[in-house]
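What follows is upload.cif (mmCIF, C-alpha atoms and all ligand atoms).
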data_query
#
loop_
_atom_site.label_atom_id
_atom_site.label_comp_id
_atom_site.auth_asym_id
_atom_site.auth_seq_id
_atom_site.Cartn_x
_atom_site.Cartn_y
_atom_site.Cartn_z
CA MET A 1 112.90 142.64 124.63
CA ASN A 2 113.55 138.95 124.03
CA VAL A 3 117.13 137.83 124.56
CA LEU A 4 119.16 134.80 123.45
CA VAL A 5 122.33 133.81 125.31
CA LEU A 6 124.71 131.53 123.37
CA GLY A 7 126.61 128.88 125.32
CA SER A 8 126.11 126.14 127.88
CA GLY A 9 128.54 126.68 130.75
CA GLY A 10 128.62 128.32 134.15
CA ARG A 11 129.38 131.62 132.44
CA GLU A 12 126.17 131.43 130.43
CA HIS A 13 124.07 130.40 133.43
CA THR A 14 125.45 133.47 135.21
CA PHE A 15 124.58 135.74 132.26
CA ALA A 16 121.07 134.27 132.15
CA TRP A 17 120.68 134.60 135.95
CA LYS A 18 121.62 138.28 135.80
CA ILE A 19 119.57 139.06 132.68
CA ALA A 20 116.50 137.28 134.11
CA LYS A 21 116.47 139.79 136.98
CA SER A 22 116.00 142.68 134.57
CA PRO A 23 112.57 144.18 133.84
CA LEU A 24 113.98 145.00 130.39
CA CYS A 25 114.12 141.32 129.43
CA ALA A 26 110.83 139.75 128.35
CA ASP A 27 111.49 136.18 127.16
CA LEU A 28 114.92 134.69 127.77
CA TYR A 29 116.40 131.87 125.68
CA VAL A 30 119.70 130.01 126.00
CA ALA A 31 121.27 127.87 123.27
CA PRO A 32 122.07 125.16 124.03
CA GLY A 33 122.06 125.87 127.79
CA ASN A 34 122.16 123.45 130.75
CA SER A 35 119.97 122.36 133.68
CA GLY A 36 120.57 125.68 135.42
CA THR A 37 119.49 127.84 132.50
CA ALA A 38 116.46 125.56 131.98
CA SER A 39 115.09 126.71 135.34
CA ILE A 40 115.12 130.43 134.43
CA ALA A 41 114.96 130.48 130.62
CA THR A 42 113.95 128.37 127.63
CA ASN A 43 116.78 126.18 126.35
CA LEU A 44 117.03 125.80 122.56
CA ASP A 45 118.84 122.77 121.20
CA ILE A 46 121.12 124.65 118.80
CA SER A 47 124.91 124.56 118.64
CA VAL A 48 126.72 127.87 119.16
CA THR A 49 128.28 127.71 115.70
CA ASP A 50 125.09 126.74 113.81
CA PHE A 51 124.45 130.26 112.48
CA GLU A 52 121.48 129.25 110.30
CA GLY A 53 119.88 127.48 113.27
CA ILE A 54 120.46 130.57 115.42
CA LYS A 55 118.90 132.73 112.70
CA SER A 56 115.71 130.62 112.59
CA ALA A 57 115.38 130.78 116.38
CA VAL A 58 115.94 134.54 116.45
CA LEU A 59 113.25 135.09 113.84
CA SER A 60 110.69 132.68 115.25
CA HIS A 61 111.04 133.97 118.83
CA ASN A 62 111.35 137.70 117.96
CA ILE A 63 114.74 137.90 119.64
CA GLU A 64 116.26 141.38 119.67
CA MET A 65 119.50 140.75 121.54
CA LEU A 66 122.14 138.05 121.19
CA VAL A 67 124.64 137.69 124.06
CA VAL A 68 127.57 135.54 122.95
CA GLY A 69 129.29 133.56 125.74
CA PRO A 70 132.16 131.57 124.15
CA GLU A 71 134.83 132.66 121.64
CA ASP A 72 134.14 130.17 118.86
CA PRO A 73 131.07 131.86 117.32
CA LEU A 74 132.76 135.28 117.60
CA VAL A 75 135.98 134.17 115.94
CA ASN A 76 133.83 132.50 113.25
CA GLY A 77 131.97 135.76 112.63
CA VAL A 78 128.52 135.42 114.21
CA HIS A 79 128.29 139.20 114.68
CA ASP A 80 129.18 139.81 111.00
CA PHE A 81 126.63 137.14 110.00
CA PHE A 82 123.93 139.16 111.80
CA LEU A 83 125.05 142.51 110.34
CA ASN A 84 125.11 141.12 106.80
CA ASP A 85 121.59 139.69 106.96
CA ASP A 86 118.68 142.09 106.35
CA ALA A 87 116.39 140.08 108.62
CA LEU A 88 118.93 140.08 111.50
CA LYS A 89 120.78 143.36 111.32
CA HIS A 90 118.45 145.08 113.82
CA VAL A 91 119.44 142.54 116.52
CA ALA A 92 121.92 143.83 119.12
CA VAL A 93 124.89 141.48 119.32
CA ILE A 94 127.04 141.57 122.46
CA GLY A 95 130.43 140.35 121.26
CA PRO A 96 132.86 141.76 118.68
CA GLN A 97 132.88 141.27 114.93
CA LYS A 98 135.32 138.81 113.42
CA ALA A 99 138.09 141.35 112.74
CA ALA A 100 138.45 142.27 116.41
CA ALA A 101 137.72 138.72 117.60
CA THR A 102 140.99 137.80 115.88
CA LEU A 103 142.65 139.26 119.00
CA GLU A 104 141.73 135.91 120.56
CA GLY A 105 141.70 133.86 117.34
CA SER A 106 145.36 134.54 116.50
CA LYS A 107 148.15 135.07 119.01
CA GLU A 108 150.32 136.62 116.29
CA PHE A 109 147.57 139.12 115.40
CA ALA A 110 147.29 140.02 119.10
CA LYS A 111 151.06 140.53 119.43
CA GLU A 112 151.13 142.72 116.33
CA PHE A 113 148.24 144.77 117.76
CA LEU A 114 150.05 145.16 121.10
CA PHE A 115 153.30 146.30 119.47
CA ARG A 116 151.54 148.58 116.96
CA HIS A 117 149.82 150.41 119.82
CA ASN A 118 152.74 150.40 122.27
CA ILE A 119 150.98 148.28 124.86
CA PRO A 120 153.39 146.50 127.24
CA THR A 121 153.83 142.80 126.45
CA ALA A 122 156.58 140.17 126.22
CA ALA A 123 159.04 140.19 123.30
CA TYR A 124 158.22 137.53 120.67
CA GLN A 125 158.76 136.14 117.20
CA SER A 126 156.48 133.89 115.19
CA PHE A 127 157.38 130.95 112.98
CA THR A 128 155.84 128.52 110.48
CA ALA A 129 157.06 125.07 109.39
CA ASN A 130 159.10 126.74 106.62
CA ASP A 131 161.30 128.54 109.12
CA LEU A 132 161.70 125.84 111.76
CA GLU A 133 165.51 126.33 111.80
CA LYS A 134 165.03 130.06 112.49
CA GLY A 135 162.71 129.07 115.34
CA PHE A 136 165.47 126.87 116.79
CA SER A 137 167.96 129.74 116.50
CA PHE A 138 165.54 132.14 118.21
CA LEU A 139 165.04 129.67 121.08
CA GLU A 140 168.85 129.57 121.50
CA THR A 141 168.90 133.34 122.08
CA LEU A 142 166.36 133.09 124.95
CA SER A 143 166.88 131.95 128.50
CA PRO A 144 164.59 129.26 129.93
CA PRO A 145 161.76 128.64 130.52
CA TYR A 146 160.59 128.80 126.90
CA VAL A 147 157.04 129.88 126.07
CA LEU A 148 155.53 128.35 122.90
CA LYS A 149 152.03 129.39 121.83
CA ALA A 150 149.94 127.88 119.07
CA ASP A 151 148.72 130.83 117.02
CA GLY A 152 145.09 129.69 116.68
CA LEU A 153 142.31 128.58 119.04
CA ALA A 154 143.31 125.41 120.88
CA ALA A 155 140.67 125.20 123.63
CA GLY A 156 143.02 126.77 126.17
CA LYS A 157 145.65 124.06 125.70
CA GLY A 158 147.87 125.71 123.09
CA VAL A 159 150.49 127.25 125.40
CA LEU A 160 153.55 125.23 126.44
CA ILE A 161 156.08 126.40 129.02
CA ILE A 162 159.23 124.30 128.87
CA ASP A 163 162.45 124.41 130.94
CA ASP A 164 164.76 122.45 128.65
CA LEU A 165 166.05 123.84 125.33
CA ASP A 166 166.11 120.50 123.49
CA GLU A 167 162.58 119.72 124.62
CA ALA A 168 161.44 123.19 123.52
CA LYS A 169 162.94 122.56 120.07
CA SER A 170 161.29 119.19 119.81
CA GLU A 171 157.90 120.62 120.88
CA LEU A 172 158.28 123.44 118.37
CA LYS A 173 158.73 120.81 115.68
CA ASN A 174 155.73 118.84 117.01
CA MET A 175 153.58 121.92 116.82
CA LEU A 176 154.70 123.21 113.41
CA VAL A 177 155.50 120.05 111.48
CA ASP A 178 153.45 117.34 113.22
CA SER A 179 150.36 119.52 113.85
CA LYS A 180 150.28 118.91 117.60
CA PHE A 181 147.33 121.31 117.89
CA GLY A 182 146.04 120.78 114.36
CA ALA A 183 145.78 123.87 112.18
CA ALA A 184 146.01 126.05 115.31
CA SER A 185 149.75 125.33 115.53
CA SER A 186 150.62 125.82 111.85
CA LYS A 187 152.08 129.04 113.20
CA VAL A 188 153.76 129.34 116.62
CA VAL A 189 154.52 132.45 118.67
CA ILE A 190 157.64 132.08 120.81
CA GLU A 191 157.59 134.53 123.65
CA GLU A 192 159.91 135.81 126.34
CA PHE A 193 158.96 134.26 129.72
CA LEU A 194 157.53 136.75 132.20
CA ASP A 195 158.09 135.95 135.86
CA GLY A 196 155.40 137.60 137.93
CA ILE A 197 151.88 137.37 139.31
CA GLU A 198 148.84 136.93 137.10
CA LEU A 199 145.49 138.64 137.20
CA SER A 200 142.72 139.36 134.75
CA CYS A 201 141.04 142.60 133.95
CA PHE A 202 137.62 142.81 132.30
CA VAL A 203 136.42 145.68 130.16
CA LEU A 204 133.10 146.38 128.51
CA THR A 205 133.14 148.60 125.46
CA ASP A 206 130.68 149.97 122.91
CA GLY A 207 133.57 150.77 120.56
CA ILE A 208 133.83 154.38 121.78
CA HIS A 209 133.51 154.30 125.55
CA TYR A 210 134.52 151.66 128.06
CA LYS A 211 133.79 150.56 131.62
CA LEU A 212 136.22 148.66 133.79
CA LEU A 213 134.60 145.68 135.46
CA PRO A 214 135.95 144.19 138.71
CA THR A 215 139.25 142.30 138.47
CA ALA A 216 139.42 138.56 139.11
CA LYS A 217 141.98 135.83 139.44
CA ASP A 218 141.34 132.26 138.41
CA TYR A 219 142.92 129.00 139.53
CA LYS A 220 143.71 126.99 136.43
CA ARG A 221 145.51 123.91 137.76
CA ILE A 222 143.61 120.84 138.90
CA GLY A 223 145.76 120.26 141.99
CA GLU A 224 146.16 122.03 145.29
CA GLY A 225 149.04 124.52 145.45
CA ASP A 226 148.64 125.16 141.70
CA THR A 227 149.98 121.76 140.68
CA GLY A 228 148.98 119.22 138.04
CA LEU A 229 147.27 119.66 134.71
CA ASN A 230 145.66 122.84 133.43
CA THR A 231 141.85 122.97 133.46
CA GLY A 232 139.30 125.45 132.17
CA GLY A 233 139.42 126.98 135.66
CA MET A 234 138.81 125.51 139.12
CA GLY A 235 137.72 128.71 140.83
CA ALA A 236 137.94 132.47 140.91
CA ILE A 237 138.22 135.32 143.36
CA SER A 238 137.06 138.88 142.72
CA PRO A 239 138.43 141.45 143.39
CA VAL A 240 142.11 140.52 143.35
CA PRO A 241 143.37 141.76 146.75
CA PHE A 242 146.82 142.82 145.47
CA ALA A 243 145.35 144.94 142.65
CA ASP A 244 145.58 148.26 144.48
CA GLU A 245 144.71 151.65 143.08
CA VAL A 246 148.23 152.34 141.80
CA LEU A 247 148.32 149.09 139.84
CA LEU A 248 144.74 149.52 138.56
CA ASN A 249 145.60 152.99 137.38
CA LYS A 250 148.61 151.67 135.45
CA ILE A 251 146.45 148.97 133.90
CA GLU A 252 143.85 151.52 132.81
CA GLU A 253 146.29 154.10 131.43
CA ARG A 254 148.87 151.83 129.80
CA ILE A 255 146.71 148.94 128.71
CA VAL A 256 142.95 149.55 128.65
CA LYS A 257 142.93 153.03 127.09
CA PRO A 258 145.49 152.19 124.36
CA THR A 259 143.53 148.99 123.62
CA ILE A 260 140.26 150.88 123.06
CA GLU A 261 142.08 153.60 121.08
CA GLY A 262 143.96 150.96 119.07
CA LEU A 263 140.70 149.26 118.07
CA LYS A 264 139.39 152.64 116.89
CA LYS A 265 142.57 153.47 114.97
CA ASP A 266 142.53 150.07 113.30
CA LYS A 267 138.86 150.57 112.41
CA THR A 268 137.86 147.32 114.08
CA PRO A 269 134.42 147.87 115.67
CA TYR A 270 133.99 146.29 119.08
CA LYS A 271 130.83 145.88 121.14
CA GLY A 272 131.29 143.51 124.03
CA PHE A 273 133.62 142.21 126.70
CA ILE A 274 137.41 142.30 126.53
CA PHE A 275 139.18 139.97 128.94
CA ILE A 276 142.81 140.99 129.32
CA GLY A 277 145.21 138.45 130.83
CA LEU A 278 148.04 140.23 132.64
CA ILE A 279 151.29 139.37 134.38
CA VAL A 280 152.65 141.93 136.82
CA VAL A 281 156.47 142.04 136.84
CA ASN A 282 158.09 144.45 139.35
CA ASN A 283 154.75 146.26 139.72
CA GLU A 284 154.46 146.75 135.96
CA PRO A 285 151.52 145.09 134.17
CA LEU A 286 152.15 143.36 130.82
CA VAL A 287 149.56 141.75 128.57
CA ILE A 288 149.86 138.00 128.00
CA GLU A 289 146.61 137.53 126.13
CA TYR A 290 143.36 139.02 124.95
CA ASN A 291 140.10 137.11 125.06
CA VAL A 292 137.09 138.59 123.32
CA ARG A 293 134.56 137.29 125.85
CA MET A 294 134.20 136.90 129.60
CA GLY A 295 136.17 134.25 131.47
CA ASP A 296 134.71 131.10 132.95
CA PRO A 297 134.68 130.83 136.03
CA GLU A 298 135.61 134.53 136.37
CA THR A 299 132.09 135.54 135.23
CA GLU A 300 130.60 133.61 138.14
CA ALA A 301 132.63 135.76 140.57
CA VAL A 302 132.47 139.09 138.71
CA LEU A 303 128.79 139.39 137.67
CA PRO A 304 127.28 138.72 141.13
CA ARG A 305 129.21 141.82 142.30
CA ILE A 306 127.64 144.10 139.71
CA ASN A 307 124.48 145.72 141.03
CA THR A 308 123.62 147.60 137.84
CA ASP A 309 121.01 146.07 135.54
CA LEU A 310 122.98 144.09 132.93
CA MET A 311 120.31 144.70 130.28
CA GLU A 312 120.67 148.46 130.78
CA ILE A 313 124.40 148.05 130.22
CA PHE A 314 123.92 145.89 127.09
CA ILE A 315 121.38 148.32 125.62
CA ALA A 316 123.86 151.17 126.21
CA ILE A 317 126.46 149.12 124.31
CA LYS A 318 124.05 148.74 121.41
CA ASN A 319 123.35 152.50 121.41
CA GLN A 320 127.01 153.39 121.95
CA ASN A 321 126.25 155.45 125.04
CA LEU A 322 127.96 153.28 127.63
CA ASN A 323 129.28 156.55 129.14
CA THR A 324 125.77 157.20 130.52
CA ILE A 325 125.84 154.07 132.67
CA ASN A 326 126.72 154.31 136.34
CA LEU A 327 128.33 150.96 137.10
CA GLU A 328 127.57 150.02 140.69
CA VAL A 329 129.88 147.37 142.14
CA ASN A 330 129.37 145.50 145.42
CA PRO A 331 132.55 146.05 147.50
CA LYS A 332 132.32 142.54 148.96
CA THR A 333 134.59 139.75 147.76
CA ALA A 334 133.13 136.97 145.65
CA THR A 335 134.69 133.53 145.52
CA THR A 336 133.67 130.81 143.10
CA VAL A 337 134.55 127.16 143.64
CA VAL A 338 134.12 124.82 140.67
CA LEU A 339 132.92 121.25 141.30
CA VAL A 340 134.37 118.88 138.71
CA SER A 341 133.89 115.27 137.63
CA GLY A 342 136.35 112.68 138.95
CA GLY A 343 139.24 112.32 136.49
CA TYR A 344 138.81 115.77 134.91
CA PRO A 345 140.71 117.31 133.06
CA GLU A 346 141.51 113.84 131.70
CA ALA A 347 138.85 111.21 130.93
CA TYR A 348 135.82 111.25 133.21
CA GLU A 349 132.38 109.62 133.37
CA LYS A 350 129.12 111.46 132.78
CA GLY A 351 125.54 110.88 133.88
CA LYS A 352 126.16 110.92 137.65
CA THR A 353 123.16 112.07 139.72
CA ILE A 354 123.76 115.41 141.45
CA SER A 355 121.95 115.87 144.76
CA GLY A 356 121.66 118.49 147.47
CA PHE A 357 122.27 121.61 145.39
CA GLU A 358 118.66 122.70 146.01
CA ASN A 359 119.51 123.04 149.72
CA VAL A 360 122.23 125.65 149.19
CA GLN A 361 121.16 128.91 150.83
CA GLU A 362 124.22 131.05 151.50
CA ALA A 363 125.72 130.76 148.01
CA ILE A 364 124.64 130.86 144.39
CA VAL A 365 124.72 127.61 142.42
CA PHE A 366 125.63 128.07 138.76
CA HIS A 367 125.24 124.95 136.64
CA ALA A 368 127.89 124.14 134.00
CA GLY A 369 128.25 120.53 132.77
CA ALA A 370 124.87 119.52 134.18
CA GLN A 371 121.69 118.47 132.39
CA HIS A 372 118.22 117.25 133.24
CA SER A 373 117.68 113.53 132.77
CA ASN A 374 114.16 112.39 133.61
CA ASP A 375 113.47 114.02 136.99
CA GLU A 376 117.11 114.32 137.97
CA VAL A 377 120.02 116.62 137.31
CA VAL A 378 123.05 114.64 136.15
CA THR A 379 126.64 115.48 135.23
CA SER A 380 127.31 116.08 131.53
CA GLY A 381 130.76 117.67 131.52
CA GLY A 382 134.08 118.05 133.32
CA ARG A 383 133.21 121.24 135.13
CA VAL A 384 129.81 120.50 136.67
CA MET A 385 128.80 123.42 138.90
CA ALA A 386 130.28 126.69 140.12
CA ILE A 387 129.40 127.79 143.65
CA THR A 388 129.72 131.50 144.40
CA ALA A 389 129.61 133.10 147.84
CA LEU A 390 130.16 136.68 148.95
CA GLY A 391 131.95 137.84 152.08
CA LEU A 392 133.82 140.74 153.64
CA ASP A 393 137.06 139.17 152.43
CA HIS A 394 138.00 136.09 150.43
CA LYS A 395 138.37 133.95 153.53
CA GLU A 396 134.85 134.65 154.73
CA ALA A 397 133.46 134.13 151.25
CA LEU A 398 135.36 130.86 150.80
CA ASN A 399 134.22 129.51 154.16
CA LYS A 400 130.63 130.09 153.13
CA ALA A 401 131.17 128.48 149.74
CA TYR A 402 132.88 125.39 151.21
CA ASN A 403 130.15 125.05 153.88
CA GLU A 404 127.44 125.08 151.24
CA ILE A 405 129.39 122.68 149.00
CA SER A 406 129.23 120.09 151.80
CA LYS A 407 125.50 119.76 150.96
CA ILE A 408 126.16 118.83 147.31
CA LYS A 409 127.02 115.31 146.20
CA PHE A 410 127.73 113.35 143.06
CA GLU A 411 129.92 110.31 142.47
CA GLY A 412 133.53 111.32 141.87
CA MET A 413 132.98 114.99 142.81
CA ASN A 414 136.25 116.89 143.15
CA PHE A 415 137.10 120.52 143.87
CA ARG A 416 140.04 122.60 145.08
CA LYS A 417 140.03 123.15 148.82
CA ASP A 418 142.86 125.69 148.82
CA LEU A 419 141.58 128.58 146.72
CA GLY A 420 143.16 131.86 147.80
CA PHE A 421 146.17 130.00 149.26
CA ASP A 422 148.50 132.41 147.46
CA LEU A 423 146.84 135.66 148.54
P1 LIG B 501 147.62 132.32 127.44
O1 LIG B 501 146.67 131.32 126.82
O2 LIG B 501 148.40 133.12 126.46
O3 LIG B 501 146.98 133.14 128.53
O4 LIG B 501 148.66 131.43 128.25
C1 LIG B 501 148.24 130.46 129.19
C2 LIG B 501 149.06 130.59 130.45
O5 LIG B 501 150.44 130.49 130.16
C3 LIG B 501 148.90 131.94 131.14
O6 LIG B 501 147.80 131.97 131.98
C4 LIG B 501 150.20 132.06 131.88
O7 LIG B 501 150.15 131.36 133.09
C5 LIG B 501 151.18 131.37 130.99
N1 LIG B 501 151.91 132.32 130.12
C6 LIG B 501 151.53 132.77 128.92
N2 LIG B 501 152.43 133.63 128.42
C7 LIG B 501 153.43 133.71 129.31
C8 LIG B 501 154.66 134.43 129.35
N3 LIG B 501 155.07 135.21 128.35
N4 LIG B 501 155.42 134.29 130.45
C9 LIG B 501 155.02 133.48 131.48
N5 LIG B 501 153.89 132.77 131.48
C10 LIG B 501 153.09 132.87 130.41
N1 LIG B 502 139.18 130.98 132.96
C1 LIG B 502 139.91 131.31 131.80
C2 LIG B 502 139.13 131.53 130.59
O1 LIG B 502 137.92 131.64 130.59
O2 LIG B 502 139.74 131.63 129.54
#
Translate the structure described by the file into structure tokens.
Amino acid sequence: MNVLVLGSGGREHTFAWKIAKSPLCADLYVAPGNSGTASIATNLDISVTDFEGIKSAVLSHNIEMLVVGPEDPLVNGVHDFFLNDDALKHVAVIGPQKAAATLEGSKEFAKEFLFRHNIPTAAYQSFTANDLEKGFSFLETLSPPYVLKADGLAAGKGVLIIDDLDEAKSELKNMLVDSKFGAASSKVVIEEFLDGIELSCFVLTDGIHYKLLPTAKDYKRIGEGDTGLNTGGMGAISPVPFADEVLLNKIEERIVKPTIEGLKKDKTPYKGFIFIGLIVVNNEPLVIEYNVRMGDPETEAVLPRINTDLMEIFIAIKNQNLNTINLEVNPKTATTVVLVSGGYPEAYEKGKTISGFENVQEAIVFHAGAQHSNDEVVTSGGRVMAITALGLDHKEALNKAYNEISKIKFEGMNFRKDLGFDL
């Protein structure tokens, strides 16, 4: 069948790379894609939220499966748009409908879901501009640091963790009254701070059955030793070495199963990936967030470890018989190092020529903010490429990745040289 992947990052290049290996995929399209997807698929110049444009492309190219990479189209209802259109409703959409996508689209909705289904998470209250004073009073009952979360989508920037009470109050006012994150912070969730170690768990579901995918850990800060500004993600390691069987079992029993059951009880259909952000406190996992998609760069570390045909898995999701799939996972460790533009995550220049990536042999090069310009590949975003290597452990895999990265060059290129430092 013909397949369209929505998105343009390293995550989408990885999806396309894996789907292109499948005999079940005939023609592969990516919208809008990047220089990496252009080499294995046909890029279509359509924005991920241009539903009418997507519809025309699906009809003119006889596309029968839509794989949605980022959250925006899901939260805006791309799956519902397909189901409600007679010409599109036969198309398999990988990604939840709007109702369930609200788990990522609204932090308050996610907290209510977690509490309703008795899934472990931090205590919280939510506030709007009308009850700012109540928000101040609630902050006074908590001990620092204070966790303030914009309710809506804020491109990964909507969470503030603040040590000082007065500063927390002033930021709460900035968010609620002065629209610090626009409409996304017209409501704010204030949450108890959880002191522990973070990891992410990835689940695929057809709405009835589920499969656990390998765990991964990402490195969000720009600077070595987890310092400096937050980024979209500077690298990832899969599996997470400290996620032993006991912990994984707790995650599955206390978090994954009640999540799938909760979606069923709430009558919110779900076909796609669930990315569960966790903090482990005293060996007990608690949920800090749901995402209704795969992570980036976690996808670049997780998918290369899955030996099973991804198209077979997606077709099983469409047919709601995911239970028939035998998920084969490579026991090796995958590490992904993200190459970023100089200055990122603040202002950076684009259009820098990228050279040497064709000479990489012992790693996989996933393109992200990279585009063709004439005969060259040039930078077009903050996160430019993600380099994934496999090894017997994360050290071996990282050594390979760093060795291969020494072949790649572009002006201002930056990357973290200390991934795995905390493991
Ligand atoms: P979120 O977007 O909800 O995942 O939050 C972004 C980051 O803030 C997470 O990756 C955590 O590092 C941190 N964080 C979120 N919630 C909490 C919490 N309740 N306690 C401690 N850290 C948190
Ligand atoms: N790497 C974190 C995310 O994709 O949200």
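Put simply, CA of Tyr210 (chain A) is 27.3 Å away from atom N4 of ligand LIG 501 (chain B).
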Cut-off 10 Å: closest chain A/ligand LIG 501 (chain B) atom pairs per residue, using all atoms listed in the file, as a Markdown table:
| residue | atom | partner | partner_atom | distance |
| --- | --- | --- | --- | --- |
| A:Glu104 | CA | B:LIG501 | O1 | 9.2 |
| A:Lys107 | CA | B:LIG501 | O2 | 7.7 |
| A:Thr121 | CA | B:LIG501 | N3 | 7.9 |
| A:Ala122 | CA | B:LIG501 | N3 | 5.6 |
| A:Ala123 | CA | B:LIG501 | N3 | 8.1 |
| A:Tyr124 | CA | B:LIG501 | N3 | 8.6 |
| A:Pro145 | CA | B:LIG501 | C9 | 8.4 |
| A:Tyr146 | CA | B:LIG501 | N4 | 8.3 |
| A:Val147 | CA | B:LIG501 | C8 | 6.1 |
| A:Leu148 | CA | B:LIG501 | N2 | 8.2 |
| A:Lys149 | CA | B:LIG501 | O2 | 7.0 |
| A:Ala150 | CA | B:LIG501 | O1 | 9.1 |
| A:Asp151 | CA | B:LIG501 | O2 | 9.7 |
| A:Leu153 | CA | B:LIG501 | O1 | 9.3 |
| A:Ala154 | CA | B:LIG501 | O1 | 9.0 |
| A:Ala155 | CA | B:LIG501 | O1 | 9.1 |
| A:Gly156 | CA | B:LIG501 | O1 | 5.9 |
| A:Lys157 | CA | B:LIG501 | O1 | 7.4 |
| A:Gly158 | CA | B:LIG501 | O1 | 6.8 |
| A:Val159 | CA | B:LIG501 | O4 | 5.4 |
| A:Leu160 | CA | B:LIG501 | O5 | 7.2 |
| A:Ile161 | CA | B:LIG501 | O5 | 7.1 |
| A:Val189 | CA | B:LIG501 | O2 | 9.9 |
| A:Ile190 | CA | B:LIG501 | N3 | 8.6 |
| A:Glu191 | CA | B:LIG501 | N3 | 5.4 |
| A:Glu192 | CA | B:LIG501 | N3 | 5.3 |
| A:Phe193 | CA | B:LIG501 | N4 | 3.6 |
| A:Leu194 | CA | B:LIG501 | N4 | 3.7 |
| A:Asp195 | CA | B:LIG501 | C9 | 5.9 |
| A:Gly196 | CA | B:LIG501 | C9 | 7.7 |
| A:Ile197 | CA | B:LIG501 | O7 | 8.8 |
| A:Glu198 | CA | B:LIG501 | O7 | 7.0 |
| A:Leu199 | CA | B:LIG501 | O6 | 8.8 |
| A:Ser200 | CA | B:LIG501 | O6 | 9.4 |
| A:Asp218 | CA | B:LIG501 | O6 | 9.1 |
| A:Tyr219 | CA | B:LIG501 | O6 | 9.5 |
| A:Lys220 | CA | B:LIG501 | O6 | 7.8 |
| A:Arg221 | CA | B:LIG501 | O7 | 9.9 |
| A:Asn230 | CA | B:LIG501 | C2 | 9.0 |
| A:Ile276 | CA | B:LIG501 | O3 | 8.9 |
| A:Gly277 | CA | B:LIG501 | O3 | 6.1 |
| A:Leu278 | CA | B:LIG501 | O3 | 8.3 |
| A:Ile279 | CA | B:LIG501 | C9 | 7.6 |
| A:Leu286 | CA | B:LIG501 | N3 | 9.0 |
| A:Val287 | CA | B:LIG501 | N3 | 8.6 |
| A:Ile288 | CA | B:LIG501 | N2 | 5.1 |
| A:Glu289 | CA | B:LIG501 | O2 | 4.8 |
| A:Tyr290 | CA | B:LIG501 | O3 | 7.8 |
| A:Asn291 | CA | B:LIG501 | O3 | 8.7 |
Next on the checklist: Give me, as a PyMOL selection string, the set of residues whose atoms come within 9 Å of any atom of ligand LIG 502 (chain B), counting all atoms listed in the file.
Outcome noted: chain A and resi 11+70+155-156+217-220+231-236+275+277+291+293-299
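Distance-wise, CA of Ala368 (chain A) and CA of Val67 (chain A) end up 17.1 Å apart.
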Next on the checklist: Applying 6 Å and all atoms listed in the file, which residues near region 389-393 of chain A remain after dropping the ones on its own chain fewer than 2 positions away? List them as a ChimeraX atom specification.
Outcome noted: /A:332-335,363,395-397,401
Item to check | Residue contacts of Ile94 (chain A) (9 Å, all atoms listed in the file) excluding same-chain residues fewer than 2 positions away, as a PyMOL selection string | outcome: chain A and resi 65-69+79+92+96+271-273+314+317-318
Checklist entry - Near Tyr29 (chain A), counting all atoms listed in the file, which residues have an atom at most 6 Å away, once you skip same-chain residues fewer than 6 positions from it, shown as a ChimeraX atom specification? => result /A:4,41-43
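Among A:Asn84, A:Thr37, A:Asn403, A:Thr259, the residue with the shortest atom-to-atom distance to Ala110 (chain A), counting all atoms listed in the file, is A:Thr259.
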Next on the checklist: At a cut-off of 9 Å, using all atoms listed in the file, what residues contact region 322-324 of chain A? Leave out same-chain residues fewer than 2 positions from it and give the result as an MDAnalysis selection string.
Outcome noted: chainID A and resid 204:206 208:211 313:320 326
Would you mind listing what lies within 12 Å of Gln371 (chain A) as a PDB file with C-alpha atoms, in the coordinates of the input, with all atoms listed in the file counted and same-chain residues fewer than 6 positions away left out?
ATOM      1  CA  SER A   8     126.110 126.140 127.880  1.00  0.00           C
ATOM      2  CA  GLY A   9     128.540 126.680 130.750  1.00  0.00           C
ATOM      3  CA  PRO A  32     122.070 125.160 124.030  1.00  0.00           C
ATOM      4  CA  GLY A  33     122.060 125.870 127.790  1.00  0.00           C
ATOM      5  CA  ASN A  34     122.160 123.450 130.750  1.00  0.00           C
ATOM      6  CA  SER A  35     119.970 122.360 133.680  1.00  0.00           C
ATOM      7  CA  GLY A  36     120.570 125.680 135.420  1.00  0.00           C
ATOM      8  CA  THR A  37     119.490 127.840 132.500  1.00  0.00           C
ATOM      9  CA  ALA A  38     116.460 125.560 131.980  1.00  0.00           C
ATOM     10  CA  SER A  39     115.090 126.710 135.340  1.00  0.00           C
ATOM     11  CA  ASN A  43     116.780 126.180 126.350  1.00  0.00           C
ATOM     12  CA  LYS A 350     129.120 111.460 132.780  1.00  0.00           C
ATOM     13  CA  GLY A 351     125.540 110.880 133.880  1.00  0.00           C
ATOM     14  CA  LYS A 352     126.160 110.920 137.650  1.00  0.00           C
ATOM     15  CA  THR A 353     123.160 112.070 139.720  1.00  0.00           C
ATOM     16  CA  ILE A 354     123.760 115.410 141.450  1.00  0.00           C
ATOM     17  CA  VAL A 377     120.020 116.620 137.310  1.00  0.00           C
ATOM     18  CA  VAL A 378     123.050 114.640 136.150  1.00  0.00           C
ATOM     19  CA  THR A 379     126.640 115.480 135.230  1.00  0.00           C
ATOM     20  CA  SER A 380     127.310 116.080 131.530  1.00  0.00           C
ATOM     21  CA  GLY A 381     130.760 117.670 131.520  1.00  0.00           C
ATOM     22  CA  VAL A 384     129.810 120.500 136.670  1.00  0.00           C
ATOM     23  CA  MET A 385     128.800 123.420 138.900  1.00  0.00           C
TER      24      MET A 385
END
